Every structure is written in C-alpha cells, then in structure tokens.
Amino acid sequence: MIYVGIDDTDAPGTPGTNHLARALAARVADRWACRLIVRHQLLDDPRVPCTSKNSAASILLEPKDGDSFEPLVEELGELVRTRSVEGSDPGLCVTATVPPEVAAFARRCQQELVAQQEARNLAARHGLFLTGLGGTEDGVIGALAAVGLAAVGNDGRVVQIAAWPDELSGWQPVEALGRRGVEARSLDTGKPIRGGLIDVGKHLRPNYRQHQIVLFARADDSQPERWHSVRYT
C-alpha cells in the first residue's frame with residue numbers, strides 16, 4: 001500500500017483538495033489502483049490559514065504491475081504543482097510505511113497548532129517523502145497528517161471507493177451499499193443494518209473506521225426499514 005497525502009491545494013471559490021485527489025488517482029489509474037480517498041478534518045481554528053474547514057486528503061494506492069515508487073512520487077509532485085491554484089500553499093507526502101510517531105503527529109494536528117518545521121523534521125527522520133510545492137508550503141503539515149490518519153484507518157470521511165463513480169444519492173438499498181464494500185451500521189446501537197433503504201443524501205459519504213468503510217445511520221421512526229445516514233468528520 002502506498003499512502004499519499006495532499007493539503008492546501010485550493011483557494012476560495014476553486015475546486016477543493018478532494019477534487020484534486022480524485023484527479024490524481026485518475027491520472028495514475030493505469031498503473032496504480034485507487035483503494036480509497038479519504039477526507040481528514042484537522043484543527044478548525046481561526047489561527048490556521050485555510051480555505052474553509054482545514055481538511056486534508058489521503059489517497060490509498062496499490063500497484064497493478066509492480067510499478068516502482070520513485071516515478072509515482074515524481075508524477076504526483078508535478079501534478080500537484082501544476083494543478084494547485086494560485087495563492088495556495090500545497091504540500092505532498094508519499095510513503096509506503098507510516099511509523100507510529102507520524103500517526104501521533106497526525107492526531108495532534110487535529111487538536112493543536114503545529115509548526116511546519118516539525119512536520120519536515122519528522123518526515124526526514126523517518127525517511128518519508130514530504131515536499132512543499134508552492135506559496136508558504138504550509139501544506140506539508142496536513143499532507144503528513146493525512147498519511148498518518150489514513151494508516152491508522154480510523155478517521156475521516158470516504159470520498160471515493162476504488163474506481164466506483166460518485167453516483168449514489170438519495171434512497172439506496174442496503175445491499176447496493178454492501179456491493180461497494182460499505183457496511184451500514186446503526187449509530188444508536190452500533191449493530192450492522194441488514195436490510196431496507198438508507199437515505200445517503202446528496203452523495204454517499206461513509207466513514208473510515210477500523211480499516212472498514214462504514215455508513216452510520218439512524219432509523220426513521222415513521223417508516224419501517226428506512227434509515228437516514230449521519231455524516232461525521
């Protein structure tokens with residue numbers, strides 16, 4: 001598994017980092033299979049310069065034919081550099097291994113302000129590829145945090161599952177979600193939902209929990225076998 005993290009690639013009024021993550025996965029899809037793209041919420045604080053909610057994105061890739069790591073790093077770096085918008089401060093992290101110290105750093109990025117140099121020092125100490133690609137390069141903080149959170153597998157909102165098109169909306173059979181690898185689960189009891197219909201909203205946006213794709217939902221008290229999805233960061 002290759003973990004890719006990107007952050008701070010957009011500006012107000014432009015397509016967000018999740019949009020760029022999908023574009024990156026699509027560009028390398030002939031050689032690298034996208035397993036997941038996950039949105040991770042970092043510290044939402046007015047002291048953090050960001051477009052809106054200070055989120056980063058991770059991409060989980062698997063090689064199709066033993067493609068080497070170095071060309072992927074170069075290609076993704078060029079894509080992020082050219083696709084990030086003017087005024088952004090993009091960062092990119094690419095790694096096949098994520099040590100526990102990086103996961104701990106990622107959790108801190110959700111709770112407190114973290115300096116750019118700390119991210120750079122941590123990545124260098126463990127041999128992770130981390131680079132800034134424009135502006136202040138503060139995006140390296142979120143890029144490193146994204147791979148840490150993705151590796152733990154217990155954080156974030158899934159914005160793409162493999163190569164499935166982003167087409168599910170409104171009421172969907174539980175079985176249709178299962179075919180995409182999504183486990184529907186009752187928010188109140190924690191138990192799997194075995195049948196019926198779930199209103200997934202405008203887009204299907206499950207969560208990444210314990211390395212599983214989980215859609216939390218609450219029962220519709222007025223209609224049996226009907227559920228409404230609940231979004232979490």
# chains A, B, ... in the order shown; residues from 1 in each chain; ligands from 1

call {"tool": "residues_around", "arguments": {"residues": "Val214 (chain A)", "least_positions_apart": "3", "cutoff": "10 Å", "atoms": "only C-alpha atoms", "output": "list in words"}}
result
Arg157, Val158, Leu177, Gly178, Gly181, Val182, Glu183, Ala184, Arg185, Ser186, Pro192, Arg205, Pro206, Asn207, Tyr208, Arg209, Gln210, His211 and Ala217 of chain A

call {"tool": "select_by_dssp", "arguments": {"residues": "region 37-233 of chain A", "states": "strand (DSSP E)", "output": "JSON, numbers by chain"}}
result
{"A": [37, 38, 39, 40, 41, 55, 56, 57, 58, 59, 60, 61, 62, 63, 91, 92, 93, 94, 95, 129, 130, 131, 132, 157, 158, 159, 160, 161, 171, 172, 173, 182, 183, 184, 185, 186, 197, 198, 199, 207, 208, 209, 212, 213, 214, 215, 216, 217, 218, 219, 226, 227, 228, 229]}

call {"tool": "residues_around", "arguments": {"residues": "Ala162 (chain A)", "least_positions_apart": "4", "cutoff": "9 Å", "atoms": "only C-alpha atoms", "output": "list in words"}}
result
Ala33, Cys34, Arg35, Leu36, Ile37 and Arg180 of chain A

call {"tool": "residues_around", "arguments": {"residues": "Leu72 (chain A)", "least_positions_apart": "4", "cutoff": "12 Å", "atoms": "only C-alpha atoms", "output": "PyMOL selection string"}}
result
chain A and resi 2-4+24-25+27-32+61-63+66-68+76-79+93-96+129

call {"tool": "write_last_selection", "arguments": {"atoms": "C-alpha atoms", "output": "PDB file, in the first residue's frame"}}
result
ATOM      1  CA  ILE A   2       1.199   3.495  -0.872  1.00  0.00           C
ATOM      2  CA  TYR A   3      -0.142   6.383   1.196  1.00  0.00           C
ATOM      3  CA  VAL A   4      -0.441   9.789  -0.466  1.00  0.00           C
ATOM      4  CA  LEU A  24      -4.506  12.450  -9.130  1.00  0.00           C
ATOM      5  CA  ALA A  25      -5.956   8.962  -8.645  1.00  0.00           C
ATOM      6  CA  ARG A  27      -4.224  10.173 -13.721  1.00  0.00           C
ATOM      7  CA  VAL A  28      -2.231   7.211 -12.407  1.00  0.00           C
ATOM      8  CA  ALA A  29      -5.073   4.654 -12.605  1.00  0.00           C
ATOM      9  CA  ASP A  30      -3.448   2.704 -15.428  1.00  0.00           C
ATOM     10  CA  ARG A  31      -0.595   1.716 -13.087  1.00  0.00           C
ATOM     11  CA  TRP A  32      -1.944   2.302  -9.585  1.00  0.00           C
ATOM     12  CA  LEU A  61      -2.923   3.272  -3.815  1.00  0.00           C
ATOM     13  CA  GLU A  62      -1.916  -0.261  -4.742  1.00  0.00           C
ATOM     14  CA  PRO A  63       0.407  -1.120  -7.662  1.00  0.00           C
ATOM     15  CA  GLY A  66       4.791  -3.796  -9.535  1.00  0.00           C
ATOM     16  CA  ASP A  67       5.282  -0.200 -10.674  1.00  0.00           C
ATOM     17  CA  SER A  68       8.137   1.460  -8.822  1.00  0.00           C
ATOM     18  CA  LEU A  76       2.320  13.176  -8.319  1.00  0.00           C
ATOM     19  CA  GLY A  77       4.628  16.037  -7.414  1.00  0.00           C
ATOM     20  CA  GLU A  78       4.354  17.522 -10.886  1.00  0.00           C
ATOM     21  CA  LEU A  79       0.583  17.087 -10.915  1.00  0.00           C
ATOM     22  CA  CYS A  93       3.573  13.322   1.206  1.00  0.00           C
ATOM     23  CA  VAL A  94       4.115   9.875  -0.338  1.00  0.00           C
ATOM     24  CA  THR A  95       5.193   6.826   1.641  1.00  0.00           C
ATOM     25  CA  ALA A  96       4.851   3.065   1.861  1.00  0.00           C
ATOM     26  CA  PHE A 129       8.908  11.864   1.083  1.00  0.00           C
TER      27      PHE A 129
END

call {"tool": "residues_around", "arguments": {"residues": "region 171-176 of chain A", "least_positions_apart": "2", "cutoff": "8 Å", "atoms": "only C-alpha atoms", "output": "PDB file with N, CA and C atoms, in the first residue's frame"}}
result
ATOM      1  N   LEU A 168     -24.117   7.529  -6.304  1.00  0.00           N
ATOM      2  CA  LEU A 168     -25.183   7.141  -5.385  1.00  0.00           C
ATOM      3  C   LEU A 168     -25.679   8.349  -4.592  1.00  0.00           C
ATOM      4  N   SER A 169     -26.980   8.523  -4.578  1.00  0.00           N
ATOM      5  CA  SER A 169     -27.590   9.603  -3.805  1.00  0.00           C
ATOM      6  C   SER A 169     -29.013   9.186  -3.458  1.00  0.00           C
ATOM      7  N   GLY A 178     -23.545  -2.527   0.240  1.00  0.00           N
ATOM      8  CA  GLY A 178     -22.670  -3.659   0.524  1.00  0.00           C
ATOM      9  C   GLY A 178     -21.850  -4.065  -0.680  1.00  0.00           C
ATOM     10  N   ARG A 179     -22.418  -3.938  -1.868  1.00  0.00           N
ATOM     11  CA  ARG A 179     -21.677  -4.300  -3.081  1.00  0.00           C
ATOM     12  C   ARG A 179     -20.500  -3.373  -3.319  1.00  0.00           C
ATOM     13  N   ARG A 180     -20.538  -2.205  -2.711  1.00  0.00           N
ATOM     14  CA  ARG A 180     -19.413  -1.277  -2.822  1.00  0.00           C
ATOM     15  C   ARG A 180     -18.459  -1.388  -1.628  1.00  0.00           C
ATOM     16  N   ALA A 184     -23.328  -0.712   6.410  1.00  0.00           N
ATOM     17  CA  ALA A 184     -24.283   0.184   7.052  1.00  0.00           C
ATOM     18  C   ALA A 184     -24.415  -0.230   8.514  1.00  0.00           C
ATOM     19  N   ILE A 193     -26.739  -2.929   9.822  1.00  0.00           N
ATOM     20  CA  ILE A 193     -28.078  -2.857   9.264  1.00  0.00           C
ATOM     21  C   ILE A 193     -28.139  -3.879   8.134  1.00  0.00           C
ATOM     22  N   ARG A 194     -29.065  -4.839   8.232  1.00  0.00           N
ATOM     23  CA  ARG A 194     -29.073  -5.965   7.308  1.00  0.00           C
ATOM     24  C   ARG A 194     -29.963  -5.781   6.084  1.00  0.00           C
ATOM     25  N   GLY A 195     -30.906  -4.849   6.139  1.00  0.00           N
ATOM     26  CA  GLY A 195     -31.808  -4.692   5.011  1.00  0.00           C
ATOM     27  C   GLY A 195     -32.549  -3.374   5.075  1.00  0.00           C
ATOM     28  N   GLY A 196     -33.356  -3.128   4.053  1.00  0.00           N
ATOM     29  CA  GLY A 196     -34.122  -1.891   3.997  1.00  0.00           C
ATOM     30  C   GLY A 196     -33.459  -0.860   3.102  1.00  0.00           C
ATOM     31  N   LEU A 197     -33.877   0.397   3.258  1.00  0.00           N
ATOM     32  CA  LEU A 197     -33.377   1.509   2.464  1.00  0.00           C
ATOM     33  C   LEU A 197     -32.731   2.549   3.356  1.00  0.00           C
ATOM     34  N   ILE A 198     -31.658   3.173   2.847  1.00  0.00           N
ATOM     35  CA  ILE A 198     -30.974   4.240   3.577  1.00  0.00           C
ATOM     36  C   ILE A 198     -30.915   5.473   2.682  1.00  0.00           C
ATOM     37  N   ASP A 199     -31.304   6.608   3.225  1.00  0.00           N
ATOM     38  CA  ASP A 199     -31.154   7.882   2.521  1.00  0.00           C
ATOM     39  C   ASP A 199     -29.709   8.340   2.712  1.00  0.00           C
ATOM     40  N   VAL A 200     -28.888   8.231   1.666  1.00  0.00           N
ATOM     41  CA  VAL A 200     -27.466   8.597   1.790  1.00  0.00           C
ATOM     42  C   VAL A 200     -27.232  10.080   1.545  1.00  0.00           C
ATOM     43  N   GLY A 201     -28.299  10.823   1.198  1.00  0.00           N
ATOM     44  CA  GLY A 201     -28.144  12.246   0.969  1.00  0.00           C
ATOM     45  C   GLY A 201     -27.719  12.566  -0.455  1.00  0.00           C
TER      46      GLY A 201
END

call {"tool": "closest_atom_pairs", "arguments": {"of": "region 32-127 of chain A", "to": "region 221-233 of chain A", "cutoff": "10 Å", "atoms": "only C-alpha atoms", "output": "JSON lines"}}
result
{"residue": "A:Arg39", "atom": "CA", "partner": "A:Thr233", "partner_atom": "CA", "distance": 7.9}
{"residue": "A:His40", "atom": "CA", "partner": "A:Thr233", "partner_atom": "CA", "distance": 7.0}
{"residue": "A:Gln41", "atom": "CA", "partner": "A:Thr233", "partner_atom": "CA", "distance": 6.1}
{"residue": "A:Leu42", "atom": "CA", "partner": "A:Thr233", "partner_atom": "CA", "distance": 9.6}
{"residue": "A:Ser55", "atom": "CA", "partner": "A:Thr233", "partner_atom": "CA", "distance": 9.5}

call {"tool": "residues_around", "arguments": {"residues": "Gly5 (chain A)", "least_positions_apart": "2", "cutoff": "6 Å", "atoms": "only C-alpha atoms", "output": "short mmCIF file (atom, residue, chain, number, x, y, z; two decimals) with C-alpha atoms, in the first residue's frame"}}
result
data_model
loop_
_atom_site.label_atom_id
_atom_site.label_comp_id
_atom_site.auth_asym_id
_atom_site.auth_seq_id
_atom_site.Cartn_x
_atom_site.Cartn_y
_atom_site.Cartn_z
CA ALA A 57 -6.94 14.31 1.80
CA SER A 58 -5.30 10.91 1.69
CA LEU A 92 2.59 16.42 -0.75
CA CYS A 93 3.57 13.32 1.21
CA ALA A 143 -0.07 16.22 3.93
CA ALA A 146 -3.21 12.80 6.18
CA VAL A 147 -0.95 9.79 5.67
#

call {"tool": "residues_around", "arguments": {"residues": "Gln117 (chain A)", "least_positions_apart": "3", "cutoff": "12 Å", "atoms": "only C-alpha atoms", "output": "number ranges by chain"}}
result
A: 114, 120-124, 130-132, 136-141, 144

call {"tool": "select_by_dssp", "arguments": {"residues": "region 57-218 of chain A", "states": "alpha helix (DSSP H)", "output": "MDAnalysis selection string"}}
result
chainID A and resid 69:83 100:109 116:126 139:152 174:179

call {"tool": "closest_residue", "arguments": {"among": "A:Leu20, A:Val73, A:Val102, A:Ile213", "to": "Gly156 (chain A)", "atoms": "only C-alpha atoms"}}
result
A:Ile213
